Every structure is written in C-alpha cells, then in structure tokens.
Amino acid sequence: MAGSAATSIIQCRGISTSAVALGKRNFRKFMVYGKRGTRLFKKTSYQQLDPEIQKEFDRGVRPIGVTVGKKFHVIKEMIPELIVPNLDGFKLKPYVSYRTPDVIQSEFGPQDLFYAVYSEKIAEDFKNGKLDENCNSLEPSDEEQLTAEEASKKALSIGADLLA
C-alpha cells in the first residue's frame, strides 16, 4: 500500500483531445516577432543608438556611401560591380567530374613571366637581325617602350590581370 501511494503522487503529463483544446485561437493578440524583434522595437532601438554602434547592426551589408550630417551621399566606386562573361554558344557544361586528375602547377616566377612574354620577340629580333650593338630592339613594341614608372602604374591599374 505504501508503494502505491508514492506512485500516485508522481505527476504525469497527458494529452487532452477534448473540444475545448481544439477551439479557435485569436492570433491577433500574439506578438509575431521577426528574427530580431518586432518592427517597433527595431525602429526605436536603432534610432537611440550611437552612430558607431549602429554600424554593427547593418547585417553584414557593406555601405555604398557615407552620411554627412543628415544626408546620405552615394559613392559610385563603393557600389559592387559584377563582371560576368557572355556565355552564348558556350558548349561546355558547368559540371566537373570527381574523376578528373588533380592539376599540380609549379610557382609562376619572374623568369617564367619573361619566357611567356618577351622571349619569342627577342628570339625573332635576333634571327632577323633587328638588334643594335647594345642588343636593344630596333623596332620595339609598345610594352618595350614603357618606362619603369609607366609599367608599374599599368600593372597596378584595375583590370591589369585580365589578358587582352
């Protein structure tokens, strides 16, 4: 008897299937929150923050301008630009098989760059006798006529890494 009385005190959770539990709910009185609070909460809390703290609530989006006073100025250079190639008539599929062998390529150094760009022109000039006594080309190309400063500016310009 003592054992049965102890077990009757233990509370059990049950599921009720009565008609009262299946009634309609008034969802207008429930506050529906967004990911980070209600609209009113977001609006009031964002307006009360310091500008330095407001930057942390931009949800990871980079700004496209600056705010001077109460006016926002858009800076064109800060707007991201997507450069997408035209793939009309492109026959290859975007799928790459897992069975493709790994491509192992050595480091591309200055000597490799010299052989890729200048070696053919120098060899042709030597064969055709278009070199002067100092081994400079008599008919230099546009790249050979650049000064060191002009070449460094051209190399650092936007889009210099794209092959023309």
# chains A, B, ... in the order shown; residues from 1 in each chain; ligands from 1
call {"tool": "residues_around", "arguments": {"residues": "segment 73-77 of chain A", "least_positions_apart": "4", "cutoff": "6 Å", "atoms": "only C-alpha atoms", "output": "number ranges by chain"}}
result
A: 64-66
call {"tool": "atom_distance", "arguments": {"atom1": "atom CA of Leu87 of chain A", "atom2": "atom CA of Ser157 of chain A"}}
result
26.2 Å
call {"tool": "atom_distance", "arguments": {"atom1": "atom CA of Glu150 of chain A", "atom2": "atom CA of Glu120 of chain A"}}
result
22.8 Å
